[in-house]
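Have a look at the structure below before the remarks.
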Amino acid sequence: MHEPIFTWYLPQQYGVNDTDTRSVEVELPTDVYRQLADDDKTVADTIASLATDRVQLQRSINAYSNRDDGDAETDTNPLETNPPIAELLGFQLESVDDGEAVVTFEPGPEHANPMGTLHGGVLCDIGDLAMGAAYASTLADDESFTTLELDVKFRRPVWEEPLTATAQVMDAGRTVGLVTCDITGPEEELVAHLQSTCLTLRGDSAEGR
Ligand SMILES: CC(C)(COP(=O)(O)OP(=O)(O)OC[C@H]1O[C@@H](n2cnc3c(N)ncnc32)[C@H](O)[C@@H]1OP(=O)(O)O)[C@@H](O)C(=O)NCCC(=O)NCCSC(=O)Cc1ccccc1
């Protein structure tokens, strides 16, 4: 049995003005409804926040699936738009320019490993994104790339401190490049250091990527 059913009027904070009378009706299993209510947020607020995240993720997926369809209107510059994986994990691509990129991230409890610290794979991922973006910024329009290797040193544990990943292309030849990345915490302390080898792809090898 699904209960309760409630009607939620879209509130102003989500970009809909007071005179807007549209509403959505959401039916939830009782146990889910109870779990969604907490001291800080009403159930409606929680659902609004989840829906907003979902729409942002979908926008990014749409933008990236259109990027090669040849229509200049819908073409996406992958260096200017937060990619789907960044939306999914909560990374923010802050800047990409001339062999350098900066990505920020505020870890939450959902990013923890079983011991409660930030999962190392998430650090690999934010570093991979920053290094990939830095490398991509050095390529010509008809070139793509892939990462061949990723090396990571985890230097400090992280709980929920905000992080900044700063990547830089150190050396790049015609086909292979070396990229490094420092991930730092709020006091600029080094949390992880990464290095990757990227391979430039051209022609058929660059198809579909
Ligand atoms: C392109 C190439 C590296 C080579 O293509 P081809 O020349 O056509 O060669 P083929 O594939 O036929 O392989 C021949 C043999 O070589 C082996 N082998 C391959 N690599 C290695 C290696 N590293 N080390 C050692 N061996 C290797 C392979 O297993 C095979 O062995 P087999 O004969 O079966 O025994 C391809 O293998 C590939 O794409 N790999 C996956 C890369 C990938 O998915 N990276 C992650 C996503 S990138 C990302 O997300 C970053 C990003 C961030 C931000 C923004 C954007 C992006």
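Letters for chains follow the order of the structure tokens (A, B, ...), residue numbers begin at 1 for each chain, and ligand numbers begin at 1 in the order shown.
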For this session: Please identify every polymer residue within 9 Å of ligand 1, using only C-alpha atoms and all ligand atoms, and present the set as a list in words.
Result: Pro78, Leu79, Pro83, Asp125, Ile126, Gly127, Asp128, Leu129, Ala130, Met131, Gly132, Ala133, Ala134, Tyr135, Ala136, Ser144, Phe145, Thr146, Thr147, Leu148, Glu149, Thr197, Cys198, Leu199, Thr200, Leu201, Ser205, Ala206 and Arg209 of chain A
Output the selection as a compact mmCIF listing (two decimals), in the first residue's frame - N, CA, C and O atoms for each residue.
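Wrote it out as out14.txt, contents follow:
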# COMPACT_ATOMS: atom_id res chain seq x y z
N PRO A 78 32.83 20.24 -24.83
CA PRO A 78 33.01 19.47 -23.61
C PRO A 78 33.86 20.19 -22.58
O PRO A 78 33.84 19.83 -21.41
N LEU A 79 34.59 21.20 -23.01
CA LEU A 79 35.42 21.91 -22.04
C LEU A 79 34.64 22.98 -21.30
O LEU A 79 35.13 23.55 -20.34
N PRO A 83 30.48 17.62 -17.35
CA PRO A 83 30.05 16.36 -17.95
C PRO A 83 29.19 15.53 -17.00
O PRO A 83 29.17 15.77 -15.79
N ASP A 125 38.75 9.82 -9.49
CA ASP A 125 37.84 10.32 -10.51
C ASP A 125 37.92 11.83 -10.68
O ASP A 125 37.94 12.34 -11.80
N ILE A 126 38.00 12.55 -9.56
CA ILE A 126 38.10 14.02 -9.70
C ILE A 126 39.43 14.37 -10.35
O ILE A 126 39.51 15.26 -11.21
N GLY A 127 40.50 13.63 -10.01
CA GLY A 127 41.81 13.87 -10.62
C GLY A 127 41.78 13.54 -12.10
O GLY A 127 42.32 14.29 -12.94
N ASP A 128 41.15 12.43 -12.45
CA ASP A 128 41.06 12.00 -13.85
C ASP A 128 40.30 13.04 -14.67
O ASP A 128 40.70 13.39 -15.79
N LEU A 129 39.24 13.58 -14.08
CA LEU A 129 38.46 14.60 -14.79
C LEU A 129 39.30 15.87 -15.00
O LEU A 129 39.35 16.42 -16.11
N ALA A 130 39.98 16.31 -13.95
CA ALA A 130 40.79 17.53 -14.06
C ALA A 130 41.91 17.33 -15.08
O ALA A 130 42.16 18.18 -15.95
N MET A 131 42.59 16.18 -15.00
CA MET A 131 43.71 15.94 -15.92
C MET A 131 43.21 15.77 -17.36
O MET A 131 43.83 16.27 -18.31
N GLY A 132 42.07 15.06 -17.51
CA GLY A 132 41.50 14.88 -18.85
C GLY A 132 41.13 16.22 -19.46
O GLY A 132 41.40 16.49 -20.64
N ALA A 133 40.50 17.07 -18.65
CA ALA A 133 40.08 18.39 -19.17
C ALA A 133 41.30 19.21 -19.55
O ALA A 133 41.32 19.89 -20.58
N ALA A 134 42.35 19.15 -18.71
CA ALA A 134 43.58 19.91 -19.00
C ALA A 134 44.18 19.42 -20.32
O ALA A 134 44.56 20.22 -21.19
N TYR A 135 44.25 18.10 -20.48
CA TYR A 135 44.84 17.55 -21.71
C TYR A 135 43.98 17.91 -22.93
O TYR A 135 44.50 18.32 -23.98
N ALA A 136 42.65 17.75 -22.77
CA ALA A 136 41.74 18.02 -23.90
C ALA A 136 41.89 19.46 -24.38
O ALA A 136 41.71 19.73 -25.57
N SER A 144 40.78 13.65 -30.37
CA SER A 144 40.24 13.26 -29.08
C SER A 144 41.38 12.62 -28.29
O SER A 144 42.54 12.68 -28.71
N PHE A 145 41.06 12.00 -27.18
CA PHE A 145 42.14 11.37 -26.41
C PHE A 145 41.54 10.31 -25.49
O PHE A 145 40.34 10.24 -25.28
N THR A 146 42.43 9.49 -24.95
CA THR A 146 42.02 8.60 -23.87
C THR A 146 43.15 8.53 -22.85
O THR A 146 44.30 8.87 -23.16
N THR A 147 42.80 8.12 -21.64
CA THR A 147 43.81 7.97 -20.60
C THR A 147 44.33 6.54 -20.62
O THR A 147 43.55 5.59 -20.59
N LEU A 148 45.64 6.39 -20.68
CA LEU A 148 46.24 5.05 -20.71
C LEU A 148 46.57 4.56 -19.32
O LEU A 148 46.48 3.36 -19.04
N GLU A 149 47.01 5.46 -18.47
CA GLU A 149 47.44 5.06 -17.12
C GLU A 149 47.11 6.17 -16.14
O GLU A 149 47.16 7.35 -16.49
N THR A 197 48.96 9.33 -18.03
CA THR A 197 49.50 9.34 -19.39
C THR A 197 48.30 9.35 -20.33
O THR A 197 47.42 8.49 -20.23
N CYS A 198 48.25 10.35 -21.19
CA CYS A 198 47.13 10.46 -22.13
C CYS A 198 47.61 10.24 -23.56
O CYS A 198 48.74 10.60 -23.91
N LEU A 199 46.72 9.64 -24.34
CA LEU A 199 47.05 9.32 -25.73
C LEU A 199 46.11 10.11 -26.65
O LEU A 199 44.88 10.01 -26.52
N THR A 200 46.67 10.88 -27.56
CA THR A 200 45.84 11.63 -28.51
C THR A 200 45.33 10.69 -29.59
O THR A 200 46.07 9.84 -30.10
N LEU A 201 44.03 10.81 -29.90
CA LEU A 201 43.41 9.96 -30.92
C LEU A 201 43.01 10.82 -32.11
O LEU A 201 42.48 11.93 -31.93
N SER A 205 40.34 6.42 -35.02
CA SER A 205 40.53 6.14 -33.58
C SER A 205 39.75 7.11 -32.70
O SER A 205 39.45 6.81 -31.54
N ALA A 206 39.46 8.28 -33.25
CA ALA A 206 38.76 9.29 -32.45
C ALA A 206 37.24 9.20 -32.61
O ALA A 206 36.49 9.91 -31.92
N ARG A 209 34.29 9.20 -29.57
CA ARG A 209 34.84 9.55 -28.26
C ARG A 209 35.49 10.93 -28.31
O ARG A 209 35.74 11.47 -29.36
Problem set entry | Non-local contacts of Ala51 in chain A (12 Å; only C-alpha atoms; under 4 positions in same chain excluded) as a PyMOL selection string | chain A and resi 10+14+24+26+44-47+55-58
Exercise. DSSP says alpha helix (DSSP H) for which residues of chain A? Put them as a PyMOL selection string?
Worked result: chain A and resi 30-36+43-65+84-89+120-136
Seminar exercise, completed: In terms of only C-alpha atoms, the residue from A:Gly208, A:Glu161, A:Val43, A:Gly121 at minimal distance from Gly108 in chain A is A:Glu161
Residues near Thr180 in chain A, cut-off 6 Å, only C-alpha atoms, skip fewer than 6 positions along chain, as an mmCIF file with C-alpha atoms, in the first residue's frame:
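Here's the written file result19.cif:
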data_model
loop_
_atom_site.group_PDB
_atom_site.id
_atom_site.type_symbol
_atom_site.label_atom_id
_atom_site.label_comp_id
_atom_site.auth_asym_id
_atom_site.auth_seq_id
_atom_site.Cartn_x
_atom_site.Cartn_y
_atom_site.Cartn_z
ATOM 1 C CA ALA A 167 45.752 19.697 -13.159
ATOM 2 C CA GLN A 168 48.491 20.662 -15.545
ATOM 3 C CA LEU A 194 48.045 12.022 -9.385
ATOM 4 C CA GLN A 195 49.776 11.544 -12.669
#
Problem set entry | Given only C-alpha atoms as the counted atoms, nearest of A:Leu50, A:Leu178, A:Val158, A:Leu150 to Phe105 in chain A | A:Val158
For this session: Point out the residue among A:Gly203, A:Gly185, A:Pro29, A:Gly173 with the least atom-to-atom distance to Thr104 in chain A, counting only C-alpha atoms.
Result: A:Gly185
Exercise. Among chain A, which residues carry a DSSP assignment of strand (DSSP E), reported as a PyMOL selection string?
Worked result: chain A and resi 2-9+23-29+91-97+100-105+144-154+163-172+176-184+190-201
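Comparing A:Asn113, A:Ser95, A:Thr81, A:Gln35 by their smallest distance to Thr166 in chain A, the closest is A:Ser95 (using only C-alpha atoms).
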For this session: Rank nothing, just name the residue among A:Asp53, A:Ala192, A:Glu27, A:Val122 nearest to Glu106 in chain A, using only C-alpha atoms.
Result: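 Answer, going by the shortest atom-to-atom distance: A:Val122.
Restricting the calculation to only C-alpha atoms, the smallest distance between Ala86 in chain A and any of A:Trp159, A:Leu36, A:Val103, A:Thr52 is found for A:Val103.
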